[in-house]
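K.L.:
Below: one structure in structure tokens.
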Amino acid sequence: MSETYELEVNGVSYPISAAMDRSLLSILRTEVGLTGTKEGCDDCECGACMVLIDDQPVNSCSYLAAQAQGRRVTTIEGILDGENQLHPLQRNLLDEGGVQCGFCTPGMIMSAQALLARNTSPTQEEIRIGLSGNLCRCTGYQRILAAVEKTATEA
Amino acid sequence: MSLAIANSIDDVLTALAGGARPIAGGTDLVVGARQGKSPLPESLIAIDRVPALSTIEQTDGHVRIGAGVTHSRLMSDPLLVERYTGLADAAALIGSPSTRNVGTIGGNVMNASPAMDTGAPLMTLGAIAELRSVSHTRQLALSDLWTGPGQTSANPDELCVCIVIPQTPAYSGSAYVRLEYRRAMEIAVVGAAASVVLTEDGTIASGRLAMTAVAPTIVELVGASEAMTGMAAVDAADVIASLASDQAVPISDLRGSDRYRRHTIGVMAARALDAAARRAGGERIGVPVNRNLGIGAAR
Ligand SMILES: Cc1cc2nc3c(=O)[nH]c(=O)nc-3n(C[C@H](O)[C@H](O)[C@H](O)COP(=O)(O)OP(=O)(O)OC[C@H]3O[C@@H](n4cnc5c(N)ncnc54)[C@H](O)[C@@H]3O)c2cc1C
């Protein structure tokens with residue numbers, strides 16, 4: 001049975017009419033229409049679905065969309081400063097070779113963004129902990145860590 | 001299915017009396033449902049926006065930790081890190097930053113997994129759970145709360161409001177360590193917590209230990225205090241290790257055999273004791289002990 005509620009995503013309020021057991025991930029991708037957030041394992045293991053809720057990273061595959069009512073959801077589409085501008089994390093991931101197949105990238109960026117927002121000069125250890133909920137099967141991680149470190153030093 | 005968002009404890013209690021189940025971070029409830037362990041309840045009441053459930057308060061001789069306090073806060077709250085360090089160690093090991101941002105102490109305790117990380121340190125710190133329904137409030141020792149894997153003696157209409165821990169004495173310290181195969185997104189193979197009080201000459205005046213993932217619930221090590229009183233912590237390590245291995249009744253599963261668990265729980269108990277005693281003696285060992293003393297998975 002569908003119910004109706006409002007969801008704030010990237011500063012825009014969306015009316016949602018959906019069953020209350022739907023995950024935030026599925027609502028974002030199919031009802032809101034933002035497909036930058038990825039479904040990897042759909043089981044809270046891989047972090048491809050990472051979004052920010054009130055600026056904190058959350059696995060959207062295992063979070064009920066209805067529970068995000070009244071909170072601020074930020075997805076990969078919401079981190080750009082302006083149209084067609086790459087976020088520094090995106091640019092550095094590309095420059096450093098931290099993107100291969102790209103499927104983990106949006107989730108990695110959301111975790112990294114949350115880390116850098118509360119810690120502007122993280123140590124390598126802190127970056128590892130910050131990204132510890134995100135799996136990447138291509139890069140071997142070193143290029144991703146380098147990109148986050150570079151972003152922190154530039155800021 | 002329905003989901004309502006509560007703003008006060010009364011909202012929650014009324015909903016529970018009407019048959020709803022509480023959801024805090026959902027990191028056990030929703031993840032369990034997705035994995036097919038048990039379907040989502042028909043009616044949920046979200047408790048993550050009740051201010052009275054997310055406070056950490058010092059009262060006369062106790063600290064009261066609201067059931068809705070997240071692991072991120074447990075691992076960084078200055079009072080908890082300073083005086084209830086074993087609990088902060090445990091919180092810092094849970095899942096990943098996202099698990100810790102939404103996962104709560106109340107959810108961890110009420111989910112009653114035998115592998116839960118906050119349970120053993122809470123037990124050694126003498127914590128009790130405060131349960132409330134529309135009709136009553138009662139306090140329950142954790143050993144009376146946990147009755148089996150995923151099972152508690154709480155009634156379905158009872159909300160865990162807070163965890164109450166007695167103030168820790170001078171010359172005391174606590175620690176929690178776990179054996180793990182990787183450093184994040186992991187569940188304890190086995191784990192051990194210790195909490196000790198030292199005399200002025202540095203020997204053990206009293207202490208408690210508790211064990212993770214070696215029995216159907218978190219269990220306290222029986223006879224630990226008697227076995228180590230009057231000893232230096234280094235000398236008590238072997239006694240505690242064999243006591244722990246003797247009392248463990250682990251299962252075999254894909255994470256480890258019963259024999260492996262029975263051996264490694266002794267190692268973990270000795271390391272927890274070592275770290276707790278060093279902290280009691282004034283040494284600053286950062287949270288979590290696992291990372292700072294190189295215990296558990298390598299980097
Ligand atoms: C990827 C991942 C990694 C994890 N790693 C660990 C780990 O390392 N160590 C560990 O111990 N756990 C781990 N967990 C399990 C989980 O995150 C913790 O147990 C967490 O503390 C649960 O809290 P929650 O608020 O999300 O609980 P919820 O899922 O919201 O609730 C859990 C259960 O408790 C009940 N409940 C919740 N709050 C209350 C209350 N106040 N009163 C009464 N009943 C209540 C709910 O009805 C439900 O039955 C992990 C989970 C995931 C998904």
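Every chain in the structure tokens takes a letter, A first, then B, and so on in the order presented; its residues are numbered from 1, and the ligands are numbered from 1 following the presented order.
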Set out as CSV a contact list for chain B and ligand 1 with a cut-off of 8 Å, giving each residue of chain B that qualifies its closest atom pair and distance in Å to one decimal, counting only C-alpha atoms and all ligand atoms, ordered by chain and rising residue number.
P.N.:
residue,atom,partner,partner_atom_place_in_ligand_line,distance
B:Arg21,CA,ligand 1,47 (O),5.1
B:Pro22,CA,ligand 1,47 (O),4.3
B:Ile23,CA,ligand 1,30 (O),3.9
B:Ala24,CA,ligand 1,30 (O),3.5
B:Gly25,CA,ligand 1,26 (O),3.4
B:Gly26,CA,ligand 1,29 (O),3.2
B:Thr27,CA,ligand 1,26 (O),3.6
B:Asp28,CA,ligand 1,29 (O),3.5
B:Leu29,CA,ligand 1,29 (O),3.7
B:Val30,CA,ligand 1,29 (O),6.1
B:Val31,CA,ligand 1,53 (C),5.9
B:Ile47,CA,ligand 1,41 (N),7.4
B:Leu53,CA,ligand 1,41 (N),7.8
B:Ala67,CA,ligand 1,41 (N),4.9
B:Gly68,CA,ligand 1,41 (N),6.4
B:Thr70,CA,ligand 1,25 (O),7.3
B:His71,CA,ligand 1,21 (O),7.1
B:Ala90,CA,ligand 1,9 (N),7.7
B:Ala91,CA,ligand 1,9 (N),7.7
B:Leu93,CA,ligand 1,8 (O),5.6
B:Ile94,CA,ligand 1,8 (O),3.3
B:Gly95,CA,ligand 1,5 (N),3.5
B:Ser96,CA,ligand 1,3 (C),6.6
B:Thr99,CA,ligand 1,17 (O),5.5
B:Arg100,CA,ligand 1,17 (O),7.0
B:Val102,CA,ligand 1,26 (O),6.0
B:Gly103,CA,ligand 1,26 (O),3.7
B:Thr104,CA,ligand 1,25 (O),3.9
B:Ile105,CA,ligand 1,21 (O),5.2
B:Gly106,CA,ligand 1,41 (N),4.6
B:Gly107,CA,ligand 1,27 (O),3.4
B:Asn108,CA,ligand 1,21 (O),3.5
B:Val109,CA,ligand 1,21 (O),7.2
B:Met110,CA,ligand 1,34 (O),4.5
B:Asn111,CA,ligand 1,33 (C),4.3
B:Ala112,CA,ligand 1,34 (O),8.0
B:Ser113,CA,ligand 1,11 (O),7.4
B:Ala115,CA,ligand 1,11 (O),6.2
B:Met116,CA,ligand 1,11 (O),3.3
B:Asp117,CA,ligand 1,11 (O),3.9
B:Thr118,CA,ligand 1,11 (O),6.2
B:Gly119,CA,ligand 1,11 (O),7.9
B:Leu131,CA,ligand 1,42 (N),7.4
B:Glu158,CA,ligand 1,43 (C),6.4
B:Leu159,CA,ligand 1,42 (N),3.8
B:Cys160,CA,ligand 1,42 (N),3.6
B:Val161,CA,ligand 1,41 (N),5.6
B:Cys162,CA,ligand 1,41 (N),7.4
B:Ala184,CA,ligand 1,8 (O),7.4
B:Met185,CA,ligand 1,3 (C),4.8
B:Glu186,CA,ligand 1,8 (O),5.1
B:Ile187,CA,ligand 1,8 (O),4.7
B:Ala188,CA,ligand 1,8 (O),6.8
K.L.:
Return as a list in words the full set of residues in region 187-242 of chain B whose backbone-based DSSP assignment is strand (DSSP E or B).
P.N.:
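Checking each residue of region 187-242 of chain B, the strand (DSSP E or B) ones are Val190, Gly191, Ala192, Ala193, Ala194, Ser195, Val196, Val197, Leu198, Ile204, Ala205, Ser206, Gly207, Arg208, Leu209, Ala210, Met211, Thr212, Val219 and Glu220 of chain B.
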K.L.:
Output N, CA and C atoms for every residue in that selection, as a JSON list (two decimals), in the first residue's frame.
P.N.:
[["chain", "number", "residue", "atom", "x", "y", "z"],
["B", 190, "VAL", "N", 36.08, -13.57, 18.09],
["B", 190, "VAL", "CA", 35.84, -13.55, 19.54],
["B", 190, "VAL", "C", 36.26, -12.17, 20.02],
["B", 191, "GLY", "N", 35.81, -11.80, 21.21],
["B", 191, "GLY", "CA", 36.21, -10.51, 21.77],
["B", 191, "GLY", "C", 36.21, -10.58, 23.29],
["B", 192, "ALA", "N", 36.98, -9.69, 23.91],
["B", 192, "ALA", "CA", 37.02, -9.69, 25.37],
["B", 192, "ALA", "C", 37.13, -8.27, 25.90],
["B", 193, "ALA", "N", 36.45, -8.04, 27.03],
["B", 193, "ALA", "CA", 36.52, -6.75, 27.70],
["B", 193, "ALA", "C", 37.04, -6.97, 29.10],
["B", 194, "ALA", "N", 37.78, -5.98, 29.60],
["B", 194, "ALA", "CA", 38.24, -6.03, 30.98],
["B", 194, "ALA", "C", 38.07, -4.66, 31.61],
["B", 195, "SER", "N", 37.83, -4.69, 32.90],
["B", 195, "SER", "CA", 37.74, -3.46, 33.66],
["B", 195, "SER", "C", 38.41, -3.74, 35.00],
["B", 196, "VAL", "N", 39.41, -2.97, 35.36],
["B", 196, "VAL", "CA", 40.15, -3.26, 36.60],
["B", 196, "VAL", "C", 40.33, -2.02, 37.46],
["B", 197, "VAL", "N", 40.42, -2.27, 38.76],
["B", 197, "VAL", "CA", 40.77, -1.23, 39.73],
["B", 197, "VAL", "C", 42.11, -1.64, 40.34],
["B", 198, "LEU", "N", 43.05, -0.72, 40.39],
["B", 198, "LEU", "CA", 44.36, -1.02, 40.96],
["B", 198, "LEU", "C", 44.48, -0.46, 42.37],
["B", 204, "ILE", "N", 46.36, -5.57, 41.40],
["B", 204, "ILE", "CA", 44.92, -5.53, 41.10],
["B", 204, "ILE", "C", 44.09, -5.61, 42.39],
["B", 205, "ALA", "N", 43.22, -4.61, 42.59],
["B", 205, "ALA", "CA", 42.34, -4.62, 43.75],
["B", 205, "ALA", "C", 41.07, -5.41, 43.43],
["B", 206, "SER", "N", 40.55, -5.22, 42.20],
["B", 206, "SER", "CA", 39.37, -5.98, 41.76],
["B", 206, "SER", "C", 39.27, -5.82, 40.26],
["B", 207, "GLY", "N", 38.48, -6.67, 39.64],
["B", 207, "GLY", "CA", 38.35, -6.55, 38.18],
["B", 207, "GLY", "C", 37.25, -7.46, 37.65],
["B", 208, "ARG", "N", 36.81, -7.18, 36.44],
["B", 208, "ARG", "CA", 35.79, -8.00, 35.78],
["B", 208, "ARG", "C", 36.20, -8.21, 34.33],
["B", 209, "LEU", "N", 35.85, -9.36, 33.80],
["B", 209, "LEU", "CA", 36.04, -9.61, 32.36],
["B", 209, "LEU", "C", 34.75, -10.16, 31.77],
["B", 210, "ALA", "N", 34.54, -9.91, 30.49],
["B", 210, "ALA", "CA", 33.39, -10.49, 29.80],
["B", 210, "ALA", "C", 33.81, -10.84, 28.39],
["B", 211, "MET", "N", 33.08, -11.79, 27.80],
["B", 211, "MET", "CA", 33.52, -12.38, 26.53],
["B", 211, "MET", "C", 32.44, -12.29, 25.44],
["B", 212, "THR", "N", 32.89, -12.06, 24.21],
["B", 212, "THR", "CA", 32.04, -11.92, 23.03],
["B", 212, "THR", "C", 32.17, -13.14, 22.13],
["B", 219, "VAL", "N", 28.91, -13.20, 27.91],
["B", 219, "VAL", "CA", 28.97, -13.76, 29.26],
["B", 219, "VAL", "C", 30.11, -13.15, 30.05],
["B", 220, "GLU", "N", 29.88, -13.04, 31.37],
["B", 220, "GLU", "CA", 30.94, -12.56, 32.25],
["B", 220, "GLU", "C", 31.81, -13.75, 32.66]]
K.L.:
Please determine the contact residues of chain A with respect to chain B at a cut-off of 10 Å, counting only C-alpha atoms, and supply them as a CSV table (one decimal) with all heavy atoms, in the first residue's frame.
P.N.:
chain,number,residue,atom,x,y,z
A,1,MET,N,0.8,-1.2,0.0
A,1,MET,CA,0.0,0.0,0.0
A,1,MET,C,0.9,1.3,0.0
A,1,MET,O,1.8,1.3,0.8
A,1,MET,CB,-0.9,0.0,1.2
A,1,MET,CG,-2.1,0.9,1.1
A,1,MET,SD,-3.0,1.1,2.7
A,1,MET,CE,-1.8,2.0,3.7
A,2,SER,N,0.5,2.2,-0.9
A,2,SER,CA,1.3,3.4,-1.0
A,2,SER,C,0.9,4.4,0.0
A,2,SER,O,-0.2,4.6,0.4
A,2,SER,CB,1.2,4.0,-2.3
A,2,SER,OG,1.9,3.4,-3.3
A,3,GLU,N,1.9,5.2,0.5
A,3,GLU,CA,1.6,6.4,1.3
A,3,GLU,C,2.4,7.5,0.7
A,3,GLU,O,3.3,7.3,-0.1
A,3,GLU,CB,2.0,6.1,2.8
A,3,GLU,CG,1.1,5.1,3.4
A,3,GLU,CD,1.3,5.0,4.9
A,3,GLU,OE1,1.4,6.1,5.6
A,3,GLU,OE2,1.4,3.9,5.4
A,19,ALA,N,5.3,2.5,-1.2
A,19,ALA,CA,5.2,1.7,0.0
A,19,ALA,C,6.3,2.1,1.0
A,19,ALA,O,7.4,2.5,0.6
A,19,ALA,CB,5.4,0.2,-0.5
A,20,MET,N,5.9,2.0,2.2
A,20,MET,CA,6.8,2.5,3.3
A,20,MET,C,8.0,1.6,3.6
A,20,MET,O,8.9,1.9,4.3
A,20,MET,CB,6.0,2.6,4.6
A,20,MET,CG,4.9,3.7,4.5
A,20,MET,SD,5.5,5.3,4.1
A,20,MET,CE,5.6,6.0,5.8
A,21,ASP,N,8.1,0.4,2.9
A,21,ASP,CA,9.2,-0.5,3.2
A,21,ASP,C,10.3,-0.3,2.1
A,21,ASP,O,11.3,-1.1,2.1
A,21,ASP,CB,8.8,-2.0,3.3
A,21,ASP,CG,8.1,-2.4,2.0
A,21,ASP,OD1,8.0,-1.6,1.0
A,21,ASP,OD2,7.8,-3.6,1.9
A,23,SER,N,13.5,1.1,0.2
A,23,SER,CA,14.8,1.7,0.6
A,23,SER,C,15.0,3.1,0.0
A,23,SER,O,14.4,3.4,-1.0
A,23,SER,CB,16.0,0.8,0.2
A,23,SER,OG,16.1,0.8,-1.2
A,42,ASP,N,23.4,-4.3,-2.5
A,42,ASP,CA,22.1,-4.1,-1.9
A,42,ASP,C,22.0,-4.8,-0.5
A,42,ASP,O,20.9,-5.3,-0.1
A,42,ASP,CB,21.0,-4.6,-2.8
A,42,ASP,CG,19.6,-4.0,-2.5
A,42,ASP,OD1,19.6,-2.9,-2.0
A,42,ASP,OD2,18.6,-4.6,-2.9
A,43,ASP,N,23.1,-4.8,0.2
A,43,ASP,CA,23.1,-5.6,1.5
A,43,ASP,C,24.0,-4.9,2.5
A,43,ASP,O,24.5,-5.6,3.4
A,43,ASP,CB,23.7,-7.0,1.1
A,43,ASP,CG,23.2,-8.0,2.1
A,43,ASP,OD1,22.3,-7.7,2.9
A,43,ASP,OD2,23.8,-9.1,2.1
A,44,CYS,N,24.3,-3.6,2.3
A,44,CYS,CA,25.0,-2.9,3.3
A,44,CYS,C,26.5,-3.3,3.4
A,44,CYS,O,27.1,-3.1,4.5
A,44,CYS,CB,24.4,-3.0,4.7
A,44,CYS,SG,24.4,-1.5,5.6
A,45,GLU,N,27.1,-3.9,2.4
A,45,GLU,CA,28.5,-4.3,2.5
A,45,GLU,C,29.4,-3.5,1.7
A,45,GLU,O,30.6,-3.3,2.0
A,45,GLU,CB,28.6,-5.8,2.0
A,45,GLU,CG,27.9,-6.8,2.9
A,45,GLU,CD,28.7,-7.0,4.2
A,45,GLU,OE1,29.9,-6.7,4.3
A,45,GLU,OE2,28.2,-7.6,5.2
A,46,CYS,N,29.0,-3.0,0.5
A,46,CYS,CA,29.9,-2.4,-0.5
A,46,CYS,C,30.0,-0.9,-0.5
A,46,CYS,O,31.1,-0.4,-1.0
A,46,CYS,CB,29.6,-3.0,-1.9
A,46,CYS,SG,28.2,-2.1,-2.7
A,47,GLY,N,29.0,-0.2,-0.1
A,47,GLY,CA,29.1,1.3,0.0
A,47,GLY,C,28.9,2.0,-1.3
A,47,GLY,O,29.0,3.2,-1.4
A,50,MET,N,26.3,4.9,-1.1
A,50,MET,CA,26.4,5.9,0.0
A,50,MET,C,25.9,7.2,-0.4
A,50,MET,O,26.1,7.7,-1.5
A,50,MET,CB,27.9,6.0,0.3
A,50,MET,CG,28.3,6.5,1.7
A,50,MET,SD,27.8,5.3,3.0
A,50,MET,CE,29.2,4.1,2.9
A,51,VAL,N,25.0,7.8,0.5
A,51,VAL,CA,24.6,9.1,0.3
A,51,VAL,C,24.8,9.9,1.7
A,51,VAL,O,25.2,9.2,2.6
A,51,VAL,CB,23.0,9.2,0.0
A,51,VAL,CG1,22.7,8.5,-1.3
A,51,VAL,CG2,22.2,8.6,1.2
A,52,LEU,N,24.6,11.1,1.7
A,52,LEU,CA,24.7,11.8,3.0
A,52,LEU,C,23.3,12.1,3.5
A,52,LEU,O,22.4,12.5,2.8
A,52,LEU,CB,25.4,13.2,2.9
A,52,LEU,CG,26.8,13.1,2.2
A,52,LEU,CD1,27.5,14.5,2.2
A,52,LEU,CD2,27.7,12.1,2.9
A,53,ILE,N,23.0,11.9,4.8
A,53,ILE,CA,21.8,12.3,5.4
A,53,ILE,C,22.2,13.3,6.5
A,53,ILE,O,23.0,12.9,7.4
A,53,ILE,CB,21.0,11.1,6.0
A,53,ILE,CG1,20.6,10.2,4.9
A,53,ILE,CG2,19.8,11.6,6.8
A,53,ILE,CD1,19.7,9.0,5.4
A,56,GLN,N,26.0,13.3,7.0
A,56,GLN,CA,26.7,12.1,7.5
A,56,GLN,C,26.5,10.9,6.4
A,56,GLN,O,25.3,10.7,6.0
A,56,GLN,CB,26.1,11.6,8.8
A,56,GLN,CG,26.3,12.6,9.9
A,56,GLN,CD,27.7,12.8,10.3
A,56,GLN,OE1,28.6,12.0,10.1
A,56,GLN,NE2,28.0,14.0,10.9
A,57,PRO,N,27.5,10.2,6.1
A,57,PRO,CA,27.3,9.1,5.2
A,57,PRO,C,26.4,8.0,5.7
A,57,PRO,O,26.5,7.6,6.9
A,57,PRO,CB,28.8,8.5,5.0
A,57,PRO,CG,29.6,9.1,6.1
A,57,PRO,CD,28.9,10.3,6.6
A,58,VAL,N,25.6,7.5,4.9
A,58,VAL,CA,24.6,6.4,5.2
A,58,VAL,C,24.5,5.5,4.0
A,58,VAL,O,24.4,6.0,2.9
A,58,VAL,CB,23.2,7.0,5.6
A,58,VAL,CG1,22.2,5.9,5.8
A,58,VAL,CG2,23.3,7.9,6.8
A,59,ASN,N,24.4,4.2,4.2
A,59,ASN,CA,24.2,3.2,3.2
A,59,ASN,C,22.7,3.3,2.8
A,59,ASN,O,21.8,2.8,3.5
A,59,ASN,CB,24.5,1.8,3.6
A,59,ASN,CG,26.0,1.6,3.9
A,59,ASN,OD1,26.5,2.0,4.9
A,59,ASN,ND2,26.6,1.0,2.9
A,60,SER,N,22.4,3.9,1.6
A,60,SER,CA,21.0,4.1,1.3
A,60,SER,C,20.2,2.8,1.0
A,60,SER,O,19.0,2.8,1.0
A,60,SER,CB,20.8,5.1,0.2
A,60,SER,OG,21.4,4.6,-1.0
A,61,CYS,N,20.9,1.7,0.6
A,61,CYS,CA,20.2,0.5,0.3
A,61,CYS,C,19.5,-0.1,1.5
A,61,CYS,O,18.6,-0.8,1.3
A,61,CYS,CB,21.2,-0.6,-0.3
A,61,CYS,SG,22.3,-1.3,1.0
A,62,SER,N,20.0,0.2,2.7
A,62,SER,CA,19.5,-0.4,3.9
A,62,SER,C,18.9,0.6,4.8
A,62,SER,O,18.8,0.4,6.0
A,62,SER,CB,20.6,-1.2,4.6
A,62,SER,OG,21.1,-2.2,3.7
A,63,TYR,N,18.5,1.7,4.3
A,63,TYR,CA,17.9,2.8,5.1
A,63,TYR,C,16.5,3.0,4.5
A,63,TYR,O,16.4,3.2,3.3
A,63,TYR,CB,18.7,4.0,5.0
A,63,TYR,CG,18.4,5.1,6.1
A,63,TYR,CD1,19.0,5.0,7.4
A,63,TYR,CD2,17.5,6.1,5.9
A,63,TYR,CE1,18.7,5.9,8.4
A,63,TYR,CE2,17.2,7.0,6.8
A,63,TYR,CZ,17.8,6.9,8.1
A,63,TYR,OH,17.5,7.8,9.1
A,64,LEU,N,15.5,3.0,5.3
A,64,LEU,CA,14.1,3.2,4.8
A,64,LEU,C,13.9,4.6,4.3
A,64,LEU,O,14.2,5.6,5.1
A,64,LEU,CB,13.0,2.8,5.8
A,64,LEU,CG,13.1,1.3,6.2
A,64,LEU,CD1,12.0,1.1,7.3
A,64,LEU,CD2,12.8,0.4,5.1
A,66,ALA,N,11.3,6.4,4.0
A,66,ALA,CA,10.4,7.1,4.8
A,66,ALA,C,11.0,7.6,6.1
A,66,ALA,O,10.6,8.6,6.7
A,66,ALA,CB,9.2,6.2,5.2
A,67,GLN,N,12.1,7.0,6.6
A,67,GLN,CA,12.8,7.4,7.8
A,67,GLN,C,13.6,8.7,7.5
A,67,GLN,O,14.1,9.3,8.4
A,67,GLN,CB,13.6,6.3,8.4
A,67,GLN,CG,13.8,6.4,9.9
A,67,GLN,CD,14.6,5.3,10.5
A,67,GLN,OE1,14.8,4.3,9.9
A,67,GLN,NE2,15.0,5.5,11.7
A,68,ALA,N,13.8,9.0,6.2
A,68,ALA,CA,14.6,10.2,5.9
A,68,ALA,C,13.8,11.4,5.8
A,68,ALA,O,14.3,12.5,5.5
A,68,ALA,CB,15.4,10.0,4.6
A,69,GLN,N,12.4,11.3,6.0
A,69,GLN,CA,11.5,12.5,6.0
A,69,GLN,C,12.1,13.5,7.0
A,69,GLN,O,12.4,13.1,8.1
A,69,GLN,CB,10.2,12.1,6.5
A,69,GLN,CG,9.3,11.2,5.6
A,69,GLN,CD,8.1,10.8,6.3
A,69,GLN,OE1,7.2,11.6,6.6
A,69,GLN,NE2,8.0,9.5,6.7
A,70,GLY,N,12.0,14.8,6.6
A,70,GLY,CA,12.5,15.8,7.5
A,70,GLY,C,14.0,16.0,7.6
A,70,GLY,O,14.4,16.7,8.4
A,111,SER,N,31.6,9.4,0.8
A,111,SER,CA,32.3,9.2,2.1
A,111,SER,C,33.5,10.2,2.3
A,111,SER,O,33.7,10.7,3.4
A,111,SER,CB,32.8,7.7,2.1
A,111,SER,OG,31.8,6.8,2.3
A,114,ALA,N,32.2,13.7,3.2
A,114,ALA,CA,31.8,13.8,4.6
A,114,ALA,C,33.0,13.9,5.5
A,114,ALA,O,33.1,14.6,6.5
A,114,ALA,CB,30.9,12.6,5.0
A,115,LEU,N,34.1,13.1,5.2
A,115,LEU,CA,35.3,13.1,6.0
A,115,LEU,C,35.9,14.5,5.9
A,115,LEU,O,36.3,15.1,6.9
A,115,LEU,CB,36.3,12.1,5.4
A,115,LEU,CG,37.7,12.1,6.0
A,115,LEU,CD1,37.7,11.7,7.4
A,115,LEU,CD2,38.7,11.3,5.1
A,125,GLU,N,45.8,7.5,7.7
A,125,GLU,CA,45.0,6.5,8.5
A,125,GLU,C,43.6,7.0,8.6
A,125,GLU,O,42.6,6.2,8.5
A,125,GLU,CB,45.6,6.4,9.9
A,125,GLU,CG,44.9,5.6,11.0
A,125,GLU,CD,45.0,4.1,10.7
A,125,GLU,OE1,45.7,3.7,9.8
A,125,GLU,OE2,44.3,3.3,11.4
A,128,ARG,N,41.8,6.3,5.4
A,128,ARG,CA,41.5,4.8,5.3
A,128,ARG,C,40.2,4.5,6.1
A,128,ARG,O,39.4,3.8,5.6
A,128,ARG,CB,42.6,4.0,5.8
A,128,ARG,CG,43.8,3.9,4.8
A,128,ARG,CD,45.0,3.2,5.4
A,128,ARG,NE,46.1,3.2,4.5
A,128,ARG,CZ,46.3,2.2,3.6
A,128,ARG,NH1,45.6,1.1,3.7
A,128,ARG,NH2,47.3,2.2,2.8
A,129,ILE,N,40.2,5.1,7.3
A,129,ILE,CA,39.0,4.8,8.1
A,129,ILE,C,37.7,5.4,7.5
A,129,ILE,O,36.7,4.8,7.4
A,129,ILE,CB,39.2,5.3,9.6
A,129,ILE,CG1,40.3,4.5,10.3
A,129,ILE,CG2,37.9,5.2,10.4
A,129,ILE,CD1,40.7,5.1,11.6
A,130,GLY,N,37.9,6.6,7.0
A,130,GLY,CA,36.8,7.3,6.4
A,130,GLY,C,36.2,6.6,5.2
A,130,GLY,O,35.0,6.6,4.9
A,131,LEU,N,37.1,5.9,4.4
A,131,LEU,CA,36.6,5.1,3.3
A,131,LEU,C,36.4,3.6,3.5
A,131,LEU,O,36.2,2.9,2.6
A,131,LEU,CB,37.6,5.3,2.1
A,131,LEU,CG,37.9,6.7,1.6
A,131,LEU,CD1,38.8,6.7,0.4
A,131,LEU,CD2,36.6,7.4,1.2
A,132,SER,N,36.4,3.3,4.8
A,132,SER,CA,36.5,1.8,5.1
A,132,SER,C,35.1,1.1,4.9
A,132,SER,O,35.1,-0.1,4.8
A,132,SER,CB,36.9,1.6,6.6
A,132,SER,OG,36.0,2.2,7.5
A,133,GLY,N,34.1,1.9,4.6
A,133,GLY,CA,32.8,1.2,4.2
A,133,GLY,C,32.6,1.2,2.7
A,133,GLY,O,31.5,0.9,2.3
A,134,ASN,N,33.6,1.5,1.9
A,134,ASN,CA,33.5,1.5,0.5
A,134,ASN,C,34.4,0.5,-0.2
A,134,ASN,O,35.6,0.6,0.0
A,134,ASN,CB,33.8,2.9,-0.1
A,134,ASN,CG,32.8,4.0,0.4
A,134,ASN,OD1,32.9,4.4,1.6
A,134,ASN,ND2,31.8,4.3,-0.4
K.L.:
Between CA of Arg178 (chain B) and CA of Gly202 (chain B), what is the distance, to one decimal in Å?
P.N.:
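The value is 25.6 Å.
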K.L.:
Env of region 276-290 of chain B: 10 Å cut, atoms = only C-alpha atoms, seq-sep filter 5 positions within chain, self excluded. Answer as a count of residues only.
P.N.:
49
K.L.:
Which one is closest to Glu154 (chain A): A:Leu94, A:Leu89, A:Ile127, A:Leu135? Count only C-alpha atoms.
P.N.:
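Smallest separation from Glu154 (chain A) among the options: A:Leu89.
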K.L.:
Any chance you could list, as a ChimeraX atom specification, the residues in chain A that come up helix (DSSP H, G or I) when DSSP is run on the backbone?
P.N.:
/A:24-32,60-62,65-68,76-78,88-96,105-118,124-130,142-154
K.L.:
What is the distance, in Å and to one decimal place, between CA of Gly140 (chain A) and CA of Gly78 (chain A)?
P.N.:
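About the pair CA of Gly140 (chain A) and CA of Gly78 (chain A): they are 27.0 Å apart.
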K.L.:
With only C-alpha atoms as the basis for distance, which of B:Asp253, B:Ala237, B:Val69, B:Thr55 is at the shortest distance from Gly266 (chain B)?
P.N.:
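Among B:Asp253, B:Ala237, B:Val69, B:Thr55, it is B:Ala237 that comes nearest to Gly266 (chain B).
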K.L.:
So which residues touch region 81-87 of chain A within 12 Å, counting only C-alpha atoms, skipping near sequence neighbours fewer than 3 positions away, as a list of chain:residue names?
P.N.:
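Near region 81-87 of chain A, the qualifying residues are A:Asn10, A:Ile76, A:Glu77, A:Gly78, A:Gln90, A:Arg91, A:Asn92, A:Leu93, A:Leu94, A:Asp95, A:Pro106, A:Ile109, A:Met110, A:Ala112, A:Gln113, A:Val148, A:Thr151, A:Ala155.
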K.L.:
Which one is closest to Arg138 (chain B): B:Pro114, B:Gly150, B:Val164, B:Gly19? Count only C-alpha atoms.
P.N.:
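Among B:Pro114, B:Gly150, B:Val164, B:Gly19, it is B:Val164 that comes nearest to Arg138 (chain B).
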